[in-house]
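This report refers to the structure that appears directly beneath it.
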Amino acid sequence: MTGRTMRLRRLRRLTTGKDEGGTGRTGLRRGEAHAAPKVVALGGGMGLSASLTALRRITGELTAVVTVADDGGSSGRLREELGVLPPGDLRKALAALCGDDDWGQTWSRVIQHRFQSQGDLHEHAVGNLLIVALWEQLGDPVQALDLVGKLLGAQGRVLPMSAVPLELQALVKGHDPARPEDVDTVRGQATVALTPGEVLSVQVVPSDPPAVPEAVAAVLDADWVVLGPGSWFSSVIPHLLVPELLDALIETKARRVLSLNLAPQPGETEGFSPQRHLEVLARHAPKLALDVVLADQAAVPDRESLADAAKRFGAAVELAPVARQDGSPKHDPELLAAAYDRIFRMHGRIGPWR
(Lines give C-alpha, C1' and ligand atoms only; values in the text may rest on other atoms or scores of the structure.)
Protein backbone atom coordinates (compact mmCIF):
# COMPACT_ATOMS: atom_id res chain seq x y z
CA MET A 1 0.00 0.00 0.00
CA THR A 2 1.44 3.37 -1.00
CA GLY A 3 1.81 6.33 1.34
CA ARG A 4 -0.76 8.30 -0.61
CA THR A 5 -3.27 5.44 -0.44
CA MET A 6 -2.86 5.22 3.34
CA ARG A 7 -3.33 8.99 3.60
CA LEU A 8 -6.50 8.85 1.48
CA ARG A 9 -7.96 6.23 3.80
CA ARG A 10 -7.06 8.26 6.88
CA LEU A 11 -8.74 11.31 5.33
CA ARG A 12 -11.90 9.30 4.75
CA ARG A 13 -12.00 8.09 8.36
CA LEU A 14 -11.25 11.52 9.82
CA THR A 15 -13.81 13.46 7.79
CA THR A 16 -16.67 11.00 7.34
CA GLY A 17 -16.24 8.47 10.13
CA LYS A 18 -16.26 5.75 7.49
CA ASP A 19 -13.70 3.21 6.37
CA GLU A 20 -13.95 0.89 3.38
CA GLY A 21 -16.77 -1.60 3.82
CA GLY A 22 -17.96 0.18 6.97
CA THR A 23 -21.00 2.22 7.81
CA GLY A 24 -21.11 6.00 7.80
CA ARG A 25 -23.41 8.51 9.41
CA THR A 26 -26.45 7.14 7.58
CA GLY A 27 -25.91 3.60 8.89
CA LEU A 28 -25.99 2.28 5.32
CA ARG A 29 -23.29 0.14 3.79
CA ARG A 30 -22.13 0.80 0.26
CA GLY A 31 -24.44 -1.00 -2.09
CA GLU A 32 -27.57 -0.59 0.07
CA ALA A 33 -30.42 1.57 -1.17
CA HIS A 34 -30.01 5.30 -0.56
CA ALA A 35 -32.72 7.94 -0.58
CA ALA A 36 -30.54 9.78 -3.11
CA PRO A 37 -27.11 9.27 -4.68
CA LYS A 38 -24.12 10.96 -3.08
CA VAL A 39 -22.77 13.16 -5.88
CA VAL A 40 -19.58 15.23 -6.04
CA ALA A 41 -19.33 17.79 -8.84
CA LEU A 42 -15.94 19.26 -9.76
CA GLY A 43 -15.27 22.38 -11.81
CA GLY A 44 -15.59 26.13 -11.62
CA GLY A 45 -17.39 29.13 -13.03
CA MET A 46 -20.59 28.92 -15.02
CA GLY A 47 -19.99 25.34 -16.12
CA LEU A 48 -20.03 24.03 -12.56
CA SER A 49 -23.00 26.27 -11.78
CA ALA A 50 -24.94 24.63 -14.62
CA SER A 51 -24.17 21.17 -13.25
CA LEU A 52 -25.10 22.11 -9.69
CA THR A 53 -28.37 23.76 -10.72
CA ALA A 54 -29.30 20.49 -12.43
CA LEU A 55 -27.97 18.09 -9.81
CA ARG A 56 -29.73 19.75 -6.86
CA ARG A 57 -33.00 18.80 -8.56
CA ILE A 58 -32.25 15.09 -8.22
CA THR A 59 -30.23 14.68 -5.03
CA GLY A 60 -29.85 16.31 -1.64
CA GLU A 61 -26.48 14.60 -1.16
CA LEU A 62 -24.44 17.03 -3.25
CA THR A 63 -20.93 18.43 -2.80
CA ALA A 64 -19.21 20.92 -5.10
CA VAL A 65 -15.40 20.89 -5.27
CA VAL A 66 -14.29 24.19 -6.78
CA THR A 67 -11.10 25.36 -8.46
CA VAL A 68 -9.08 28.06 -6.68
CA ALA A 69 -6.88 29.40 -9.48
CA ASP A 70 -8.97 32.43 -10.47
CA ASP A 71 -6.96 35.64 -10.59
CA GLY A 72 -9.26 38.03 -12.43
CA GLY A 73 -11.90 40.59 -11.46
CA SER A 74 -13.10 40.92 -7.88
CA SER A 75 -11.59 37.56 -6.90
CA GLY A 76 -8.19 38.52 -8.23
CA ARG A 77 -8.23 41.85 -6.40
CA LEU A 78 -9.15 40.22 -3.08
CA ARG A 79 -6.61 37.48 -3.60
CA GLU A 80 -3.82 39.96 -4.29
CA GLU A 81 -4.73 42.37 -1.50
CA LEU A 82 -5.52 39.88 1.28
CA GLY A 83 -3.71 36.69 0.22
CA VAL A 84 -6.93 34.63 0.40
CA LEU A 85 -8.35 31.93 -1.81
CA PRO A 86 -10.21 33.48 -4.76
CA PRO A 87 -13.85 33.43 -3.66
CA GLY A 88 -15.63 34.02 -6.98
CA ASP A 89 -16.14 30.47 -8.21
CA LEU A 90 -17.04 29.37 -4.69
CA ARG A 91 -19.68 32.12 -4.59
CA LYS A 92 -21.12 31.05 -7.95
CA ALA A 93 -21.39 27.46 -6.72
CA LEU A 94 -23.22 28.58 -3.57
CA ALA A 95 -25.61 30.67 -5.67
CA ALA A 96 -26.33 27.69 -7.91
CA LEU A 97 -27.23 25.59 -4.87
CA CYS A 98 -29.83 28.10 -3.65
CA GLY A 99 -33.37 26.80 -3.82
CA ASP A 100 -36.11 27.98 -6.15
CA ASP A 101 -38.19 29.48 -3.32
CA ASP A 102 -38.21 33.19 -2.48
CA TRP A 103 -35.54 32.81 0.20
CA GLY A 104 -33.15 30.93 -2.06
CA GLN A 105 -33.61 33.14 -5.09
CA THR A 106 -33.33 36.35 -3.07
CA TRP A 107 -30.06 35.27 -1.50
CA SER A 108 -28.79 34.02 -4.84
CA ARG A 109 -29.30 37.48 -6.31
CA VAL A 110 -27.79 39.21 -3.27
CA ILE A 111 -24.50 37.30 -3.23
CA GLN A 112 -24.18 37.68 -7.02
CA HIS A 113 -24.83 41.45 -6.84
CA ARG A 114 -21.88 43.63 -7.91
CA PHE A 115 -21.40 47.18 -6.71
CA GLN A 116 -21.21 49.88 -9.36
CA SER A 117 -19.25 52.93 -8.28
CA GLN A 118 -16.32 55.18 -9.02
CA GLY A 119 -14.41 53.88 -6.00
CA ASP A 120 -12.69 50.78 -4.65
CA LEU A 121 -15.92 48.78 -4.32
CA HIS A 122 -16.59 48.92 -8.06
CA GLU A 123 -17.38 45.45 -9.46
CA HIS A 124 -16.83 43.68 -6.14
CA ALA A 125 -19.46 40.98 -5.61
CA VAL A 126 -21.34 41.00 -2.30
CA GLY A 127 -20.82 37.26 -1.89
CA ASN A 128 -17.06 37.57 -2.35
CA LEU A 129 -16.85 40.10 0.48
CA LEU A 130 -19.09 37.99 2.72
CA ILE A 131 -17.03 34.85 2.17
CA VAL A 132 -13.70 36.61 2.76
CA ALA A 133 -15.05 38.31 5.90
CA LEU A 134 -16.04 34.93 7.35
CA TRP A 135 -12.67 33.45 6.41
CA GLU A 136 -10.98 36.21 8.39
CA GLN A 137 -13.38 35.82 11.32
CA LEU A 138 -13.25 32.03 11.56
CA GLY A 139 -9.82 31.25 10.15
CA ASP A 140 -11.21 28.13 8.49
CA PRO A 141 -12.27 28.25 4.81
CA VAL A 142 -14.41 25.11 5.02
CA GLN A 143 -16.27 26.18 8.17
CA ALA A 144 -16.88 29.62 6.67
CA LEU A 145 -18.30 28.21 3.44
CA ASP A 146 -20.53 25.85 5.40
CA LEU A 147 -21.85 28.83 7.36
CA VAL A 148 -22.57 30.81 4.18
CA GLY A 149 -24.35 27.77 2.77
CA LYS A 150 -26.49 27.53 5.90
CA LEU A 151 -27.40 31.23 5.64
CA LEU A 152 -28.41 30.79 1.99
CA GLY A 153 -30.26 27.53 2.55
CA ALA A 154 -27.93 25.95 -0.03
CA GLN A 155 -28.99 22.49 -1.14
CA GLY A 156 -25.51 20.99 -0.91
CA ARG A 157 -21.99 21.76 0.26
CA VAL A 158 -19.26 23.84 -1.40
CA LEU A 159 -15.55 23.10 -0.86
CA PRO A 160 -12.35 24.51 -2.36
CA MET A 161 -10.21 21.90 -4.11
CA SER A 162 -7.02 23.14 -2.43
CA ALA A 163 -6.24 24.96 0.79
CA VAL A 164 -3.94 27.46 -0.95
CA PRO A 165 -4.56 29.82 -3.91
CA LEU A 166 -3.05 28.41 -7.09
CA GLU A 167 -1.50 30.02 -10.14
CA LEU A 168 -2.35 28.49 -13.49
CA GLN A 169 0.44 28.27 -16.07
CA ALA A 170 0.02 27.09 -19.65
CA LEU A 171 2.20 26.30 -22.60
CA VAL A 172 0.55 28.13 -25.49
CA LYS A 173 1.46 27.99 -29.14
CA GLY A 174 0.87 31.29 -30.91
CA HIS A 175 -0.07 33.30 -27.84
CA ASP A 176 1.51 36.23 -29.65
CA PRO A 177 -0.24 36.38 -33.06
CA ALA A 178 2.95 37.91 -34.51
CA ARG A 179 4.78 34.66 -33.64
CA PRO A 180 2.25 31.92 -34.47
CA GLU A 181 4.73 29.03 -34.23
CA ASP A 182 6.37 30.03 -30.95
CA VAL A 183 5.42 28.35 -27.67
CA ASP A 184 5.24 30.62 -24.64
CA THR A 185 4.47 30.11 -20.96
CA VAL A 186 1.31 32.04 -20.13
CA ARG A 187 0.52 32.73 -16.48
CA GLY A 188 -2.82 33.34 -14.80
CA GLN A 189 -6.24 31.77 -15.25
CA ALA A 190 -7.77 34.91 -16.74
CA THR A 191 -4.99 35.15 -19.35
CA VAL A 192 -5.07 31.44 -20.22
CA ALA A 193 -8.86 31.51 -20.66
CA LEU A 194 -8.65 34.29 -23.23
CA THR A 195 -5.47 33.38 -25.09
CA PRO A 196 -5.75 33.59 -28.89
CA GLY A 197 -3.22 30.77 -29.19
CA GLU A 198 -3.43 26.98 -28.87
CA VAL A 199 -3.15 25.72 -25.29
CA LEU A 200 -0.90 22.65 -25.27
CA SER A 201 -0.84 21.88 -21.54
CA VAL A 202 -1.44 23.44 -18.15
CA GLN A 203 0.07 23.12 -14.70
CA VAL A 204 -0.47 24.73 -11.32
CA VAL A 205 1.94 26.52 -9.02
CA PRO A 206 2.77 25.23 -6.47
CA SER A 207 3.08 21.96 -8.36
CA ASP A 208 2.12 19.77 -5.37
CA PRO A 209 -0.65 21.75 -3.68
CA PRO A 210 -2.43 20.37 -0.62
CA ALA A 211 -5.96 19.14 -1.24
CA VAL A 212 -8.71 20.09 1.17
CA PRO A 213 -9.26 16.89 3.22
CA GLU A 214 -13.05 17.21 3.12
CA ALA A 215 -12.92 17.36 -0.70
CA VAL A 216 -10.83 14.20 -0.89
CA ALA A 217 -13.13 12.42 1.54
CA ALA A 218 -16.23 13.46 -0.41
CA VAL A 219 -14.80 11.98 -3.62
CA LEU A 220 -13.90 8.73 -1.86
CA ASP A 221 -17.35 8.47 -0.29
CA ALA A 222 -19.39 9.40 -3.38
CA ASP A 223 -21.68 7.24 -5.48
CA TRP A 224 -21.09 9.46 -8.52
CA VAL A 225 -18.44 12.03 -9.42
CA VAL A 226 -19.26 14.59 -12.13
CA LEU A 227 -16.40 16.41 -13.88
CA GLY A 228 -17.28 19.35 -16.13
CA PRO A 229 -18.68 21.11 -18.02
CA GLY A 230 -16.66 24.32 -17.94
CA SER A 231 -13.55 26.06 -19.21
CA TRP A 232 -11.49 23.02 -20.04
CA PHE A 233 -7.97 24.15 -19.23
CA SER A 234 -8.79 26.69 -16.54
CA SER A 235 -11.69 25.08 -14.62
CA VAL A 236 -11.88 21.34 -15.38
CA ILE A 237 -8.32 20.06 -15.78
CA PRO A 238 -6.90 21.92 -12.73
CA HIS A 239 -8.66 19.42 -10.44
CA LEU A 240 -6.47 16.72 -11.96
CA LEU A 241 -3.34 18.68 -11.05
CA VAL A 242 -3.87 18.42 -7.28
CA PRO A 243 -2.15 15.07 -6.54
CA GLU A 244 -4.28 13.92 -3.59
CA LEU A 245 -7.47 14.87 -5.40
CA LEU A 246 -6.39 13.02 -8.54
CA ASP A 247 -5.50 9.97 -6.45
CA ALA A 248 -8.97 10.08 -4.91
CA LEU A 249 -10.58 10.33 -8.35
CA ILE A 250 -8.59 7.31 -9.50
CA GLU A 251 -9.16 5.19 -6.39
CA THR A 252 -12.77 6.04 -5.54
CA LYS A 253 -15.41 3.34 -5.90
CA ALA A 254 -17.76 5.99 -7.26
CA ARG A 255 -18.74 6.00 -10.89
CA ARG A 256 -17.45 8.95 -12.89
CA VAL A 257 -19.24 10.97 -15.55
CA LEU A 258 -17.57 13.60 -17.71
CA SER A 259 -19.96 16.29 -18.93
CA LEU A 260 -18.77 17.94 -22.15
CA ASN A 261 -19.29 21.55 -23.15
CA LEU A 262 -21.93 22.51 -25.67
CA ALA A 263 -19.44 24.36 -27.88
CA PRO A 264 -15.71 25.20 -28.03
CA GLN A 265 -14.81 28.29 -26.05
CA PRO A 266 -13.18 31.27 -27.71
CA GLY A 267 -9.54 31.28 -26.71
CA GLU A 268 -8.53 28.15 -24.86
CA THR A 269 -10.53 25.52 -26.82
CA GLU A 270 -11.19 27.34 -30.09
CA GLY A 271 -11.75 24.75 -32.83
CA PHE A 272 -11.82 21.76 -30.44
CA SER A 273 -13.98 18.79 -31.37
CA PRO A 274 -15.71 16.87 -28.54
CA GLN A 275 -13.16 14.07 -28.85
CA ARG A 276 -10.24 16.49 -28.62
CA HIS A 277 -11.48 17.57 -25.21
CA LEU A 278 -11.05 13.95 -24.13
CA GLU A 279 -7.62 13.68 -25.70
CA VAL A 280 -6.19 16.63 -23.76
CA LEU A 281 -7.80 15.33 -20.58
CA ALA A 282 -6.03 12.00 -21.08
CA ARG A 283 -2.69 13.75 -21.53
CA HIS A 284 -3.05 15.43 -18.16
CA ALA A 285 -4.41 12.38 -16.28
CA PRO A 286 -3.48 9.19 -18.15
CA LYS A 287 -4.53 6.90 -15.27
CA LEU A 288 -7.99 8.38 -14.87
CA ALA A 289 -10.92 6.13 -15.78
CA LEU A 290 -14.43 7.26 -16.61
CA ASP A 291 -17.72 5.42 -16.81
CA VAL A 292 -19.84 7.80 -18.88
CA VAL A 293 -19.20 10.75 -21.19
CA LEU A 294 -22.27 12.97 -21.51
CA ALA A 295 -22.65 15.23 -24.55
CA ASP A 296 -25.42 17.17 -26.19
CA GLN A 297 -26.56 15.19 -29.20
CA ALA A 298 -26.59 18.26 -31.44
CA ALA A 299 -22.99 19.15 -30.52
CA VAL A 300 -21.43 15.88 -31.72
CA PRO A 301 -20.93 15.79 -35.51
CA ASP A 302 -18.75 12.64 -35.39
CA ARG A 303 -20.22 10.17 -32.92
CA GLU A 304 -17.86 7.34 -33.85
CA SER A 305 -14.75 9.41 -33.11
CA LEU A 306 -16.17 10.49 -29.77
CA ALA A 307 -16.98 6.89 -28.88
CA ASP A 308 -13.41 5.86 -29.74
CA ALA A 309 -11.99 8.65 -27.55
CA ALA A 310 -14.27 7.63 -24.68
CA LYS A 311 -13.06 4.02 -24.90
CA ARG A 312 -9.61 5.32 -23.94
CA PHE A 313 -11.12 6.00 -20.51
CA GLY A 314 -13.26 2.85 -20.48
CA ALA A 315 -16.38 5.00 -20.82
CA ALA A 316 -19.67 4.78 -22.68
CA VAL A 317 -21.06 7.83 -24.49
CA GLU A 318 -24.51 9.11 -23.60
CA LEU A 319 -26.04 11.66 -25.98
CA ALA A 320 -28.99 13.71 -24.83
CA PRO A 321 -30.60 17.08 -25.56
CA VAL A 322 -29.24 19.23 -22.72
CA ALA A 323 -28.99 22.68 -24.35
CA ARG A 324 -31.44 25.51 -24.03
CA GLN A 325 -33.89 25.84 -26.85
CA ASP A 326 -33.01 29.49 -27.54
CA GLY A 327 -29.87 28.49 -29.45
CA SER A 328 -27.43 29.82 -26.84
CA PRO A 329 -24.53 27.54 -25.80
CA LYS A 330 -25.98 27.14 -22.30
CA HIS A 331 -27.32 24.09 -20.51
CA ASP A 332 -31.01 23.81 -19.71
CA PRO A 333 -31.23 22.87 -16.00
CA GLU A 334 -34.25 20.60 -16.40
CA LEU A 335 -32.87 18.78 -19.43
CA LEU A 336 -29.44 18.37 -17.83
CA ALA A 337 -31.06 17.09 -14.64
CA ALA A 338 -33.02 14.53 -16.66
CA ALA A 339 -29.84 13.38 -18.40
CA TYR A 340 -27.95 12.97 -15.12
CA ASP A 341 -30.87 11.16 -13.52
CA ARG A 342 -31.08 8.73 -16.43
CA ILE A 343 -27.33 8.10 -16.33
CA PHE A 344 -27.36 7.48 -12.58
CA ARG A 345 -30.19 4.98 -12.96
CA MET A 346 -28.86 3.20 -16.04
CA HIS A 347 -25.20 3.01 -15.05
CA GLY A 348 -25.33 3.14 -11.25
CA ARG A 349 -24.68 0.31 -8.86
CA ILE A 350 -27.41 1.29 -6.44
CA GLY A 351 -30.95 2.54 -6.72
CA PRO A 352 -33.67 3.48 -7.17
CA TRP A 353 -33.13 6.76 -5.37
CA ARG A 354 -36.70 8.03 -5.50
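Each chain of the C-alpha coordinates is named A, B, ... in the order shown, its residues numbered from 1; ligands are numbered from 1 in display order.
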Do you know which residues are at most 8 Å from A:Thr59 counting only C-alpha atoms, after dropping those on the same chain fewer than 2 positions away, and could you put them as a PyMOL selection string?
chain A and resi 36-39+55-57+61-62
Among stretch 165-308 of chain A, which ones does DSSP place in strand (DSSP E or B), written as an NGL selection string?
:A and (167-173 or 183-187 or 198-205 or 211 or 224-227 or 255-259 or 292-296)
For stretch 261-271 of chain A, please output as number ranges by chain all residues within 10 Å (counting only C-alpha atoms; exclusion window: fewer than 5 positions along the same chain).
A: 47, 172, 175, 191-200, 228-234, 276-277, 294-300, 322-323, 328-331
Step one, run DSSP on the backbone; step two, keep only residues of stretch 91-317 of chain A assigned to alpha helix (DSSP H); then write them as a ChimeraX atom specification.
/A:91-96,102-112,126-138,141-152,189-193,213-221,243-251,274-284,303-311
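Nearest to A:Arg256 of all the residues A:Ala285, A:Ala163, A:Val219, A:Leu278 is A:Val219, counting only C-alpha atoms.
Considering the residues A:Val280, A:Leu240, A:Ala41, A:Ala69 and counting only C-alpha atoms, A:Val205 has its shortest atom-to-atom contact with A:Ala69.
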Could you pull the residues within 7 Å of stretch 116-130 of chain A, counting only C-alpha atoms, minus those fewer than 4 positions along the same chain, as number ranges by chain?
A: 74, 87-88, 91, 110-112, 134
Output of the above residues as a tab-separated table (two decimals), in the first residue's frame, restricted to N, CA and C atoms:
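After the write, result-v1.tsv holds the following:
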chain	number	residue	atom	x	y	z
A	74	SER	N	-13.00	40.72	-9.33
A	74	SER	CA	-13.10	40.92	-7.88
A	74	SER	C	-12.28	39.88	-7.13
A	87	PRO	N	-12.52	33.89	-4.07
A	87	PRO	CA	-13.85	33.43	-3.66
A	87	PRO	C	-14.89	33.35	-4.77
A	88	GLY	N	-14.59	33.87	-5.96
A	88	GLY	CA	-15.63	34.02	-6.98
A	88	GLY	C	-16.30	32.74	-7.42
A	91	ARG	N	-18.43	31.37	-4.69
A	91	ARG	CA	-19.68	32.12	-4.59
A	91	ARG	C	-20.68	31.67	-5.65
A	110	VAL	N	-28.58	38.33	-4.15
A	110	VAL	CA	-27.79	39.21	-3.27
A	110	VAL	C	-26.31	38.89	-3.36
A	111	ILE	N	-25.94	37.62	-3.24
A	111	ILE	CA	-24.50	37.30	-3.23
A	111	ILE	C	-23.88	37.47	-4.61
A	112	GLN	N	-24.71	37.46	-5.67
A	112	GLN	CA	-24.18	37.68	-7.02
A	112	GLN	C	-24.13	39.17	-7.37
A	134	LEU	N	-15.90	36.11	6.49
A	134	LEU	CA	-16.04	34.93	7.35
A	134	LEU	C	-14.74	34.15	7.44
For A:Ala282, work out the shell of residues within 9 Å, counting only C-alpha atoms and skipping chain neighbours fewer than 6 positions away, then give it as a count of residues only.
3
Within 10 Å of stretch 332-341 of chain A, which residues of stretch 218-289 of chain A show up? Give each one with its shortest atom-to-atom distance in Å (one decimal) and the two atoms involved, counting only C-alpha atoms, rows by chain then rising residue number, as a tab-separated table.
residue	atom	partner	partner_atom	distance
A:Val226	CA	A:Tyr340	CA	9.3
A:Val257	CA	A:Tyr340	CA	8.9
A:Ser259	CA	A:Tyr340	CA	9.5
A:Pro243: which residues within 10 Å, counting only C-alpha atoms, same-chain residues fewer than 6 positions away excluded, as a ChimeraX atom specification?
/A:4,207-211,249
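Of the listed residues A:Leu258, A:Leu82, A:Ala307, A:Glu318, the one whose atoms come nearest to A:Leu227 is A:Leu258, with distances taken using only C-alpha atoms.
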Residue neighbourhood A:Lys253, 10 Å, only C-alpha atoms, exclusion window fewer than 5 positions, as an MDAnalysis selection string
chainID A and resid 20 30 219:225 248
